[in-house]
>>> print(open('upload_24.pdb').read())   # PDB, C-alpha atoms
MODEL        1
ATOM      1  CA  MET A 302      15.935  29.277  31.647  1.00  0.00           C
ATOM      2  CA  LYS A 303      18.155  29.095  28.583  1.00  0.00           C
ATOM      3  CA  LYS A 304      18.528  25.307  28.993  1.00  0.00           C
ATOM      4  CA  ILE A 305      14.732  24.880  29.034  1.00  0.00           C
ATOM      5  CA  LYS A 306      14.362  26.880  25.813  1.00  0.00           C
ATOM      6  CA  VAL A 307      17.060  24.751  24.123  1.00  0.00           C
ATOM      7  CA  LEU A 308      15.376  21.547  25.334  1.00  0.00           C
ATOM      8  CA  ILE A 309      11.969  22.685  24.054  1.00  0.00           C
ATOM      9  CA  ALA A 310      13.468  23.671  20.678  1.00  0.00           C
ATOM     10  CA  PHE A 311      15.206  20.298  20.427  1.00  0.00           C
ATOM     11  CA  LEU A 312      11.974  18.435  21.227  1.00  0.00           C
ATOM     12  CA  LEU A 313      10.061  20.482  18.639  1.00  0.00           C
ATOM     13  CA  VAL A 314      12.651  19.692  15.957  1.00  0.00           C
ATOM     14  CA  CYS A 315      12.423  15.981  16.812  1.00  0.00           C
ATOM     15  CA  LEU A 316       8.625  16.067  16.691  1.00  0.00           C
ATOM     16  CA  ILE A 317       8.541  17.880  13.347  1.00  0.00           C
ATOM     17  CA  THR A 318      11.108  15.477  11.877  1.00  0.00           C
ATOM     18  CA  ALA A 319       9.077  12.473  13.030  1.00  0.00           C
ATOM     19  CA  MET A 320       5.908  13.942  11.513  1.00  0.00           C
ATOM     20  CA  LEU A 321       7.675  14.543   8.184  1.00  0.00           C
ATOM     21  CA  PHE A 322       8.976  10.973   8.029  1.00  0.00           C
ATOM     22  CA  THR A 323       5.517   9.619   8.782  1.00  0.00           C
ATOM     23  CA  ALA A 324       3.836  11.843   6.179  1.00  0.00           C
ATOM     24  CA  CYS A 325       6.358  10.946   3.473  1.00  0.00           C
ATOM     25  CA  LYS A 326       6.266   7.196   4.036  1.00  0.00           C
ATOM     26  CA  LYS A 327       5.232   5.322   0.858  1.00  0.00           C
ATOM     27  CA  GLU A 328       3.514   1.972   0.538  1.00  0.00           C
ATOM     28  CA  VAL A 329       5.978  -0.662  -0.663  1.00  0.00           C
ATOM     29  CA  THR A 330       4.804  -2.512  -3.754  1.00  0.00           C
ATOM     30  CA  ASN A 331       6.315  -5.329  -5.761  1.00  0.00           C
ATOM     31  CA  GLU A 332       7.334  -4.617  -9.313  1.00  0.00           C
ATOM     32  CA  ASN A 333       7.616  -7.560 -11.669  1.00  0.00           C
ATOM     33  CA  GLU A 334       9.812  -7.895 -14.744  1.00  0.00           C
ATOM     34  CA  THR A 335       7.375  -5.901 -16.882  1.00  0.00           C
ATOM     35  CA  GLY A 336       7.448  -2.885 -14.569  1.00  0.00           C
ATOM     36  CA  ILE A 337       3.825  -3.303 -13.498  1.00  0.00           C
ATOM     37  CA  ARG A 338       3.038  -2.526  -9.875  1.00  0.00           C
ATOM     38  CA  SER A 339       1.334  -5.183  -7.814  1.00  0.00           C
ATOM     39  CA  ARG A 340       0.387  -5.869  -4.218  1.00  0.00           C
ATOM     40  CA  ASN A 341       0.602  -9.620  -4.328  1.00  0.00           C
ATOM     41  CA  PRO A 342       3.826 -11.625  -3.909  1.00  0.00           C
ATOM     42  CA  THR A 343       3.478 -13.406  -7.264  1.00  0.00           C
ATOM     43  CA  GLY A 344       4.019 -10.140  -9.138  1.00  0.00           C
ATOM     44  CA  SER A 345       1.082 -10.565 -11.492  1.00  0.00           C
ATOM     45  CA  PRO A 346       0.061  -7.417 -13.283  1.00  0.00           C
ATOM     46  CA  LEU A 347      -2.452  -5.549 -11.139  1.00  0.00           C
ATOM     47  CA  GLU A 348      -3.272  -1.872 -10.753  1.00  0.00           C
ATOM     48  CA  ASP A 349      -3.115  -0.726  -7.115  1.00  0.00           C
ATOM     49  CA  GLU A 350      -6.043   1.695  -6.843  1.00  0.00           C
ATOM     50  CA  GLU A 351      -8.799  -0.001  -8.882  1.00  0.00           C
ATOM     51  CA  LEU A 352      -7.825  -3.561  -8.069  1.00  0.00           C
ATOM     52  CA  ILE A 353     -10.480  -6.208  -7.898  1.00  0.00           C
ATOM     53  CA  GLU A 354      -8.795  -9.501  -7.219  1.00  0.00           C
ATOM     54  CA  LEU A 355     -10.920 -12.555  -7.785  1.00  0.00           C
ATOM     55  CA  ASN A 356     -10.666 -16.001  -6.298  1.00  0.00           C
ATOM     56  CA  ARG A 357      -7.415 -15.467  -4.361  1.00  0.00           C
ATOM     57  CA  ASP A 358      -7.092 -17.893  -1.430  1.00  0.00           C
ATOM     58  CA  ASN A 359     -10.592 -19.180  -1.982  1.00  0.00           C
ATOM     59  CA  GLU A 360     -11.684 -20.375   1.448  1.00  0.00           C
ATOM     60  CA  ASP A 361     -14.272 -22.909   0.326  1.00  0.00           C
ATOM     61  CA  LYS A 362     -11.826 -24.418  -2.204  1.00  0.00           C
ATOM     62  CA  ASN A 363     -14.225 -24.040  -5.140  1.00  0.00           C
ATOM     63  CA  GLU A 364     -12.819 -24.142  -8.627  1.00  0.00           C
ATOM     64  CA  ILE A 365     -11.375 -20.793  -9.720  1.00  0.00           C
ATOM     65  CA  LYS A 366     -13.146 -19.369 -12.759  1.00  0.00           C
ATOM     66  CA  LEU A 367     -12.499 -16.492 -15.128  1.00  0.00           C
ATOM     67  CA  PRO A 368     -14.831 -13.501 -14.795  1.00  0.00           C
ATOM     68  CA  ASP A 369     -17.233 -12.914 -17.663  1.00  0.00           C
ATOM     69  CA  ASN A 370     -16.012  -9.718 -19.350  1.00  0.00           C
ATOM     70  CA  ASP A 371     -14.699  -8.345 -22.643  1.00  0.00           C
ATOM     71  CA  PHE A 372     -11.130  -9.292 -21.765  1.00  0.00           C
ATOM     72  CA  THR A 373     -11.751 -12.949 -20.945  1.00  0.00           C
ATOM     73  CA  LEU A 374     -13.844 -13.398 -24.096  1.00  0.00           C
ATOM     74  CA  LEU A 375     -10.612 -12.812 -26.016  1.00  0.00           C
ATOM     75  CA  MET A 376      -8.518 -15.215 -23.916  1.00  0.00           C
ATOM     76  CA  PRO A 377      -7.793 -18.636 -25.391  1.00  0.00           C
ATOM     77  CA  LYS A 378      -9.384 -21.523 -23.498  1.00  0.00           C
ATOM     78  CA  MET A 379      -6.844 -23.493 -21.476  1.00  0.00           C
ATOM     79  CA  GLU A 380      -6.969 -27.134 -20.433  1.00  0.00           C
ATOM     80  CA  VAL A 381      -4.684 -26.698 -17.410  1.00  0.00           C
ATOM     81  CA  LYS A 382      -5.640 -25.643 -13.890  1.00  0.00           C
ATOM     82  CA  LEU A 383      -6.333 -21.957 -13.314  1.00  0.00           C
ATOM     83  CA  LYS A 384      -4.380 -20.778 -10.249  1.00  0.00           C
ATOM     84  CA  THR A 385      -5.244 -17.077  -9.933  1.00  0.00           C
ATOM     85  CA  VAL A 386      -7.304 -14.416 -11.680  1.00  0.00           C
ATOM     86  CA  ALA A 387      -6.907 -10.657 -11.333  1.00  0.00           C
ATOM     87  CA  ASP A 388      -9.220  -8.153 -12.966  1.00  0.00           C
ATOM     88  CA  ASN A 389      -9.518  -4.371 -13.151  1.00  0.00           C
ATOM     89  CA  LYS A 390     -10.906  -1.786 -15.557  1.00  0.00           C
ATOM     90  CA  PHE A 391      -7.787  -1.966 -17.740  1.00  0.00           C
ATOM     91  CA  GLY A 392      -7.583  -5.740 -18.209  1.00  0.00           C
ATOM     92  CA  THR A 393      -7.645  -9.269 -16.858  1.00  0.00           C
ATOM     93  CA  THR A 394      -4.756 -11.583 -15.995  1.00  0.00           C
ATOM     94  CA  ALA A 395      -5.115 -15.327 -15.605  1.00  0.00           C
ATOM     95  CA  ILE A 396      -2.327 -17.456 -14.166  1.00  0.00           C
ATOM     96  CA  TYR A 397      -2.389 -21.153 -15.005  1.00  0.00           C
ATOM     97  CA  GLU A 398      -0.193 -24.100 -14.132  1.00  0.00           C
ATOM     98  CA  ALA A 399       2.870 -24.442 -16.365  1.00  0.00           C
ATOM     99  CA  ILE A 400       2.667 -25.840 -19.893  1.00  0.00           C
ATOM    100  CA  SER A 401       5.266 -27.352 -22.223  1.00  0.00           C
ATOM    101  CA  LYS A 402       7.103 -25.399 -24.908  1.00  0.00           C
ATOM    102  CA  SER A 403       5.108 -27.164 -27.648  1.00  0.00           C
ATOM    103  CA  ASP A 404       1.843 -26.260 -25.868  1.00  0.00           C
ATOM    104  CA  PHE A 405       3.066 -22.656 -25.613  1.00  0.00           C
ATOM    105  CA  GLU A 406       3.726 -22.594 -29.361  1.00  0.00           C
ATOM    106  CA  ALA A 407       0.259 -24.033 -30.049  1.00  0.00           C
ATOM    107  CA  LEU A 408      -1.239 -21.390 -27.753  1.00  0.00           C
ATOM    108  CA  VAL A 409       0.531 -18.616 -29.671  1.00  0.00           C
ATOM    109  CA  MET A 410      -0.841 -20.007 -32.954  1.00  0.00           C
ATOM    110  CA  LYS A 411      -4.358 -20.077 -31.458  1.00  0.00           C
ATOM    111  CA  VAL A 412      -4.008 -16.457 -30.274  1.00  0.00           C
ATOM    112  CA  LYS A 413      -2.901 -15.349 -33.732  1.00  0.00           C
ATOM    113  CA  GLU A 414      -5.875 -17.175 -35.289  1.00  0.00           C
ATOM    114  CA  ILE A 415      -8.352 -15.298 -33.075  1.00  0.00           C
ATOM    115  CA  GLY A 416      -6.979 -11.977 -34.313  1.00  0.00           C
ATOM    116  CA  PHE A 417      -3.967 -11.010 -32.199  1.00  0.00           C
ATOM    117  CA  ASN A 418      -1.645 -10.620 -35.171  1.00  0.00           C
ATOM    118  CA  MET A 419      -0.661  -6.932 -35.125  1.00  0.00           C
ATOM    119  CA  ASP A 420       2.481  -5.497 -33.472  1.00  0.00           C
ATOM    120  CA  VAL A 421       3.649  -9.024 -32.681  1.00  0.00           C
ATOM    121  CA  LYS A 422       6.627  -9.374 -30.352  1.00  0.00           C
ATOM    122  CA  ALA A 423       7.864 -12.869 -29.618  1.00  0.00           C
ATOM    123  CA  SER A 424      10.975 -13.930 -27.761  1.00  0.00           C
ATOM    124  CA  GLY A 425      11.487 -17.371 -26.287  1.00  0.00           C
ATOM    125  CA  LEU A 426       8.495 -18.144 -24.093  1.00  0.00           C
ATOM    126  CA  GLU A 427       7.130 -14.595 -24.218  1.00  0.00           C
ATOM    127  CA  PHE A 428       4.568 -13.290 -26.700  1.00  0.00           C
ATOM    128  CA  SER A 429       2.646 -10.044 -27.082  1.00  0.00           C
ATOM    129  CA  ALA A 430       0.404  -8.669 -29.810  1.00  0.00           C
ATOM    130  CA  ALA A 431      -2.596  -6.446 -30.536  1.00  0.00           C
ATOM    131  CA  ASN A 432      -5.812  -7.021 -32.459  1.00  0.00           C
ATOM    132  CA  ALA A 433      -7.646  -4.724 -34.864  1.00  0.00           C
ATOM    133  CA  ASP A 434      -9.806  -3.332 -32.028  1.00  0.00           C
ATOM    134  CA  GLY A 435      -6.760  -2.139 -30.064  1.00  0.00           C
ATOM    135  CA  MET A 436      -6.912  -4.882 -27.436  1.00  0.00           C
ATOM    136  CA  LEU A 437      -3.553  -6.279 -26.354  1.00  0.00           C
ATOM    137  CA  ILE A 438      -2.460  -9.701 -25.180  1.00  0.00           C
ATOM    138  CA  LYS A 439       0.673 -10.746 -23.343  1.00  0.00           C
ATOM    139  CA  ILE A 440       1.658 -14.334 -22.605  1.00  0.00           C
ATOM    140  CA  LEU A 441       4.571 -15.223 -20.333  1.00  0.00           C
ATOM    141  CA  SER A 442       5.523 -18.832 -19.724  1.00  0.00           C
ATOM    142  CA  ALA A 443       7.768 -19.848 -16.837  1.00  0.00           C
ATOM    143  CA  LYS A 444       8.700 -23.124 -15.165  1.00  0.00           C
ATOM    144  CA  GLN A 445       5.902 -22.950 -12.596  1.00  0.00           C
ATOM    145  CA  GLU A 446       3.141 -21.025 -14.401  1.00  0.00           C
ATOM    146  CA  ILE A 447       1.859 -19.357 -17.527  1.00  0.00           C
ATOM    147  CA  LYS A 448       0.448 -15.855 -17.307  1.00  0.00           C
ATOM    148  CA  ILE A 449      -2.036 -14.567 -19.885  1.00  0.00           C
ATOM    149  CA  SER A 450      -3.079 -10.912 -19.798  1.00  0.00           C
ATOM    150  CA  VAL A 451      -5.630  -9.253 -22.069  1.00  0.00           C
ATOM    151  CA  TYR A 452      -5.859  -5.493 -21.658  1.00  0.00           C
ATOM    152  CA  ASN A 453      -6.814  -2.266 -23.379  1.00  0.00           C
ATOM    153  CA  ASP A 454      -4.446   0.268 -21.845  1.00  0.00           C
ATOM    154  CA  ASN A 455      -0.708  -0.251 -22.263  1.00  0.00           C
ATOM    155  CA  LYS A 456       0.146   2.669 -19.957  1.00  0.00           C
ATOM    156  CA  HIS A 457      -1.697   1.235 -16.958  1.00  0.00           C
ATOM    157  CA  PHE A 458      -1.526  -2.478 -17.599  1.00  0.00           C
ATOM    158  CA  GLY A 459       1.072  -3.533 -20.150  1.00  0.00           C
TER
ENDMDL
END
>>> encode(input="upload_24.pdb", output="structure tokens")
Amino acid sequence: MKKIKVLIAFLLVCLITAMLFTACKKEVTNENETGIRSRNPTGSPLEDEELIELNRDNEDKNEIKLPDNDFTLLMPKMEVKLKTVADNKFGTTAIYEAISKSDFEALVMKVKEIGFNMDVKASGLEFSAANADGMLIKILSAKQEIKISVYNDNKHFG
């Protein structure tokens, strides 16, 4: 009788432990160099809960286009191919094919001309700034792509 009670107690402890591990399990997310959480393997800045991802793996192979919103109206027009667009209530990120360093510098000049000339931070092929309306822009250029984000909430997006 005592052995049965010990066996039942052991099984209950195992069951409770398994339930605790299952309840405490967290979803694994990628975190890119800016500390922004994302679900996609490219690490582009996306908010998990309110994510609306546009044009990812477009099955009919149509041209990817920027959504029409307040964020994209402030983005500079690019002449290179748009690879991915992500949009949520805090901002929009567009990822384009890579550009040269001189094109990056011209892009930064264009962004400053359209009003992103406050709180400027520039380092190498990275640029961020704000405009008078409190909108923020961040541009990151890498070997394989250039990422442009326009957003209004630094806590959730920047």
>>> atom_distance(input="upload_24.pdb", atom1="CA of Thr385 (chain A)", atom2="CA of Met419 (chain A)")
27.5 Å
>>> closest_residue(input="upload_24.pdb", among="A:Glu364, A:Glu380, A:Asp404, A:Glu427", to="Ala443 (chain A)", atoms="all atoms listed in the file")
A:Glu427
>>> resolve_selection(input="upload_24.pdb", expression="the PyMOL selection byres ((chain A and resi 390-400) around 7)", output="PDB file with C-alpha atoms, in the coordinates of the input")
ATOM      1  CA  PRO A 346       0.061  -7.417 -13.283  1.00  0.00           C
ATOM      2  CA  PHE A 372     -11.130  -9.292 -21.765  1.00  0.00           C
ATOM      3  CA  THR A 373     -11.751 -12.949 -20.945  1.00  0.00           C
ATOM      4  CA  VAL A 381      -4.684 -26.698 -17.410  1.00  0.00           C
ATOM      5  CA  LYS A 382      -5.640 -25.643 -13.890  1.00  0.00           C
ATOM      6  CA  LEU A 383      -6.333 -21.957 -13.314  1.00  0.00           C
ATOM      7  CA  LYS A 384      -4.380 -20.778 -10.249  1.00  0.00           C
ATOM      8  CA  THR A 385      -5.244 -17.077  -9.933  1.00  0.00           C
ATOM      9  CA  VAL A 386      -7.304 -14.416 -11.680  1.00  0.00           C
ATOM     10  CA  ALA A 387      -6.907 -10.657 -11.333  1.00  0.00           C
ATOM     11  CA  ASP A 388      -9.220  -8.153 -12.966  1.00  0.00           C
ATOM     12  CA  ASN A 389      -9.518  -4.371 -13.151  1.00  0.00           C
ATOM     13  CA  SER A 401       5.266 -27.352 -22.223  1.00  0.00           C
ATOM     14  CA  LYS A 402       7.103 -25.399 -24.908  1.00  0.00           C
ATOM     15  CA  ASP A 404       1.843 -26.260 -25.868  1.00  0.00           C
ATOM     16  CA  PHE A 405       3.066 -22.656 -25.613  1.00  0.00           C
ATOM     17  CA  ALA A 443       7.768 -19.848 -16.837  1.00  0.00           C
ATOM     18  CA  LYS A 444       8.700 -23.124 -15.165  1.00  0.00           C
ATOM     19  CA  GLN A 445       5.902 -22.950 -12.596  1.00  0.00           C
ATOM     20  CA  GLU A 446       3.141 -21.025 -14.401  1.00  0.00           C
ATOM     21  CA  ILE A 447       1.859 -19.357 -17.527  1.00  0.00           C
ATOM     22  CA  LYS A 448       0.448 -15.855 -17.307  1.00  0.00           C
ATOM     23  CA  ILE A 449      -2.036 -14.567 -19.885  1.00  0.00           C
ATOM     24  CA  SER A 450      -3.079 -10.912 -19.798  1.00  0.00           C
ATOM     25  CA  VAL A 451      -5.630  -9.253 -22.069  1.00  0.00           C
ATOM     26  CA  TYR A 452      -5.859  -5.493 -21.658  1.00  0.00           C
ATOM     27  CA  ASN A 453      -6.814  -2.266 -23.379  1.00  0.00           C
ATOM     28  CA  ASP A 454      -4.446   0.268 -21.845  1.00  0.00           C
ATOM     29  CA  HIS A 457      -1.697   1.235 -16.958  1.00  0.00           C
ATOM     30  CA  PHE A 458      -1.526  -2.478 -17.599  1.00  0.00           C
TER      31      PHE A 458
END
>>> atom_distance(input="upload_24.pdb", atom1="CA of Gly435 (chain A)", atom2="CA of Lys366 (chain A)")
25.2 Å
>>> closest_residue(input="upload_24.pdb", among="A:Ala433, A:Ile305, A:Val409, A:Cys315", to="Pro377 (chain A)", atoms="all atoms listed in the file")
A:Val409
>>> residues_around(input="upload_24.pdb", residues="Asn432 (chain A)", least_positions_apart="6", cutoff="9 Å", atoms="all atoms listed in the file", output="ChimeraX atom specification")
/A:413,415-420,438
>>> atom_distance(input="upload_24.pdb", atom1="CA of Ser403 (chain A)", atom2="CA of Ser429 (chain A)")
17.3 Å
>>> closest_residue(input="upload_24.pdb", among="A:Val307, A:Ile365, A:Val421, A:Met302", to="Lys439 (chain A)", atoms="all atoms listed in the file")
A:Val421
>>> closest_residue(input="upload_24.pdb", among="A:Leu308, A:Ile317, A:Leu426, A:Met436", to="Met376 (chain A)", atoms="all atoms listed in the file")
A:Met436
>>> closest_residue(input="upload_24.pdb", among="A:Leu375, A:Pro368, A:Ala310, A:Leu437", to="Lys422 (chain A)", atoms="all atoms listed in the file")
A:Leu437
>>> build_atoms(input="upload_24.pdb", residues="region 381-413 of chain A", atoms="N, CA and C atoms", output="PDB file, in the coordinates of the input")
ATOM      1  N   VAL A 381      -5.420 -26.501 -18.661  1.00  0.00           N
ATOM      2  CA  VAL A 381      -4.684 -26.698 -17.410  1.00  0.00           C
ATOM      3  C   VAL A 381      -5.380 -25.926 -16.289  1.00  0.00           C
ATOM      4  N   LYS A 382      -4.995 -26.235 -15.061  1.00  0.00           N
ATOM      5  CA  LYS A 382      -5.640 -25.643 -13.890  1.00  0.00           C
ATOM      6  C   LYS A 382      -5.356 -24.151 -13.780  1.00  0.00           C
ATOM      7  N   LEU A 383      -6.425 -23.390 -13.545  1.00  0.00           N
ATOM      8  CA  LEU A 383      -6.333 -21.957 -13.314  1.00  0.00           C
ATOM      9  C   LEU A 383      -5.962 -21.732 -11.849  1.00  0.00           C
ATOM     10  N   LYS A 384      -4.867 -21.006 -11.616  1.00  0.00           N
ATOM     11  CA  LYS A 384      -4.380 -20.778 -10.249  1.00  0.00           C
ATOM     12  C   LYS A 384      -4.892 -19.471  -9.650  1.00  0.00           C
ATOM     13  N   THR A 385      -4.883 -18.402 -10.427  1.00  0.00           N
ATOM     14  CA  THR A 385      -5.244 -17.077  -9.933  1.00  0.00           C
ATOM     15  C   THR A 385      -5.816 -16.242 -11.066  1.00  0.00           C
ATOM     16  N   VAL A 386      -6.758 -15.371 -10.717  1.00  0.00           N
ATOM     17  CA  VAL A 386      -7.304 -14.416 -11.680  1.00  0.00           C
ATOM     18  C   VAL A 386      -7.290 -13.037 -11.041  1.00  0.00           C
ATOM     19  N   ALA A 387      -6.860 -12.043 -11.791  1.00  0.00           N
ATOM     20  CA  ALA A 387      -6.907 -10.657 -11.333  1.00  0.00           C
ATOM     21  C   ALA A 387      -7.561  -9.830 -12.420  1.00  0.00           C
ATOM     22  N   ASP A 388      -8.423  -8.898 -12.003  1.00  0.00           N
ATOM     23  CA  ASP A 388      -9.220  -8.153 -12.966  1.00  0.00           C
ATOM     24  C   ASP A 388      -9.335  -6.708 -12.514  1.00  0.00           C
ATOM     25  N   ASN A 389      -9.216  -5.764 -13.439  1.00  0.00           N
ATOM     26  CA  ASN A 389      -9.518  -4.371 -13.151  1.00  0.00           C
ATOM     27  C   ASN A 389     -10.043  -3.732 -14.415  1.00  0.00           C
ATOM     28  N   LYS A 390     -10.281  -2.427 -14.400  1.00  0.00           N
ATOM     29  CA  LYS A 390     -10.906  -1.786 -15.557  1.00  0.00           C
ATOM     30  C   LYS A 390      -9.998  -1.724 -16.779  1.00  0.00           C
ATOM     31  N   PHE A 391      -8.717  -2.003 -16.617  1.00  0.00           N
ATOM     32  CA  PHE A 391      -7.787  -1.966 -17.740  1.00  0.00           C
ATOM     33  C   PHE A 391      -7.533  -3.331 -18.363  1.00  0.00           C
ATOM     34  N   GLY A 392      -7.843  -4.415 -17.658  1.00  0.00           N
ATOM     35  CA  GLY A 392      -7.583  -5.740 -18.209  1.00  0.00           C
ATOM     36  C   GLY A 392      -7.777  -6.856 -17.208  1.00  0.00           C
ATOM     37  N   THR A 393      -7.532  -8.069 -17.683  1.00  0.00           N
ATOM     38  CA  THR A 393      -7.645  -9.269 -16.858  1.00  0.00           C
ATOM     39  C   THR A 393      -6.395 -10.111 -17.046  1.00  0.00           C
ATOM     40  N   THR A 394      -5.891 -10.672 -15.952  1.00  0.00           N
ATOM     41  CA  THR A 394      -4.756 -11.583 -15.995  1.00  0.00           C
ATOM     42  C   THR A 394      -5.181 -12.905 -15.391  1.00  0.00           C
ATOM     43  N   ALA A 395      -4.856 -13.977 -16.100  1.00  0.00           N
ATOM     44  CA  ALA A 395      -5.115 -15.327 -15.605  1.00  0.00           C
ATOM     45  C   ALA A 395      -3.775 -16.045 -15.497  1.00  0.00           C
ATOM     46  N   ILE A 396      -3.559 -16.702 -14.371  1.00  0.00           N
ATOM     47  CA  ILE A 396      -2.327 -17.456 -14.166  1.00  0.00           C
ATOM     48  C   ILE A 396      -2.699 -18.926 -14.047  1.00  0.00           C
ATOM     49  N   TYR A 397      -2.121 -19.721 -14.938  1.00  0.00           N
ATOM     50  CA  TYR A 397      -2.389 -21.153 -15.005  1.00  0.00           C
ATOM     51  C   TYR A 397      -1.146 -21.935 -14.593  1.00  0.00           C
ATOM     52  N   GLU A 398      -1.342 -23.223 -14.358  1.00  0.00           N
ATOM     53  CA  GLU A 398      -0.193 -24.100 -14.132  1.00  0.00           C
ATOM     54  C   GLU A 398       0.655 -24.121 -15.394  1.00  0.00           C
ATOM     55  N   ALA A 399       1.907 -24.474 -15.259  1.00  0.00           N
ATOM     56  CA  ALA A 399       2.870 -24.442 -16.365  1.00  0.00           C
ATOM     57  C   ALA A 399       2.452 -25.373 -17.509  1.00  0.00           C
ATOM     58  N   ILE A 400       2.890 -25.007 -18.714  1.00  0.00           N
ATOM     59  CA  ILE A 400       2.667 -25.840 -19.893  1.00  0.00           C
ATOM     60  C   ILE A 400       4.007 -26.067 -20.593  1.00  0.00           C
ATOM     61  N   SER A 401       4.033 -27.033 -21.499  1.00  0.00           N
ATOM     62  CA  SER A 401       5.266 -27.352 -22.223  1.00  0.00           C
ATOM     63  C   SER A 401       5.537 -26.304 -23.306  1.00  0.00           C
ATOM     64  N   LYS A 402       6.738 -26.340 -23.847  1.00  0.00           N
ATOM     65  CA  LYS A 402       7.103 -25.399 -24.908  1.00  0.00           C
ATOM     66  C   LYS A 402       6.240 -25.623 -26.146  1.00  0.00           C
ATOM     67  N   SER A 403       5.952 -26.889 -26.480  1.00  0.00           N
ATOM     68  CA  SER A 403       5.108 -27.164 -27.648  1.00  0.00           C
ATOM     69  C   SER A 403       3.677 -26.677 -27.420  1.00  0.00           C
ATOM     70  N   ASP A 404       3.172 -26.795 -26.181  1.00  0.00           N
ATOM     71  CA  ASP A 404       1.843 -26.260 -25.868  1.00  0.00           C
ATOM     72  C   ASP A 404       1.841 -24.739 -25.937  1.00  0.00           C
ATOM     73  N   PHE A 405       2.948 -24.108 -25.518  1.00  0.00           N
ATOM     74  CA  PHE A 405       3.066 -22.656 -25.613  1.00  0.00           C
ATOM     75  C   PHE A 405       3.010 -22.227 -27.079  1.00  0.00           C
ATOM     76  N   GLU A 406       3.726 -22.928 -27.938  1.00  0.00           N
ATOM     77  CA  GLU A 406       3.726 -22.594 -29.361  1.00  0.00           C
ATOM     78  C   GLU A 406       2.341 -22.775 -29.971  1.00  0.00           C
ATOM     79  N   ALA A 407       1.626 -23.823 -29.574  1.00  0.00           N
ATOM     80  CA  ALA A 407       0.259 -24.033 -30.049  1.00  0.00           C
ATOM     81  C   ALA A 407      -0.663 -22.920 -29.552  1.00  0.00           C
ATOM     82  N   LEU A 408      -0.450 -22.482 -28.324  1.00  0.00           N
ATOM     83  CA  LEU A 408      -1.239 -21.390 -27.753  1.00  0.00           C
ATOM     84  C   LEU A 408      -1.016 -20.098 -28.540  1.00  0.00           C
ATOM     85  N   VAL A 409       0.216 -19.814 -28.886  1.00  0.00           N
ATOM     86  CA  VAL A 409       0.531 -18.616 -29.671  1.00  0.00           C
ATOM     87  C   VAL A 409      -0.157 -18.686 -31.035  1.00  0.00           C
ATOM     88  N   MET A 410      -0.159 -19.845 -31.656  1.00  0.00           N
ATOM     89  CA  MET A 410      -0.841 -20.007 -32.954  1.00  0.00           C
ATOM     90  C   MET A 410      -2.345 -19.750 -32.795  1.00  0.00           C
ATOM     91  N   LYS A 411      -2.931 -20.268 -31.717  1.00  0.00           N
ATOM     92  CA  LYS A 411      -4.358 -20.077 -31.458  1.00  0.00           C
ATOM     93  C   LYS A 411      -4.679 -18.598 -31.266  1.00  0.00           C
ATOM     94  N   VAL A 412      -3.816 -17.885 -30.534  1.00  0.00           N
ATOM     95  CA  VAL A 412      -4.008 -16.457 -30.274  1.00  0.00           C
ATOM     96  C   VAL A 412      -3.932 -15.670 -31.583  1.00  0.00           C
ATOM     97  N   LYS A 413      -3.007 -16.025 -32.435  1.00  0.00           N
ATOM     98  CA  LYS A 413      -2.901 -15.349 -33.732  1.00  0.00           C
ATOM     99  C   LYS A 413      -4.140 -15.602 -34.575  1.00  0.00           C
TER     100      LYS A 413
END
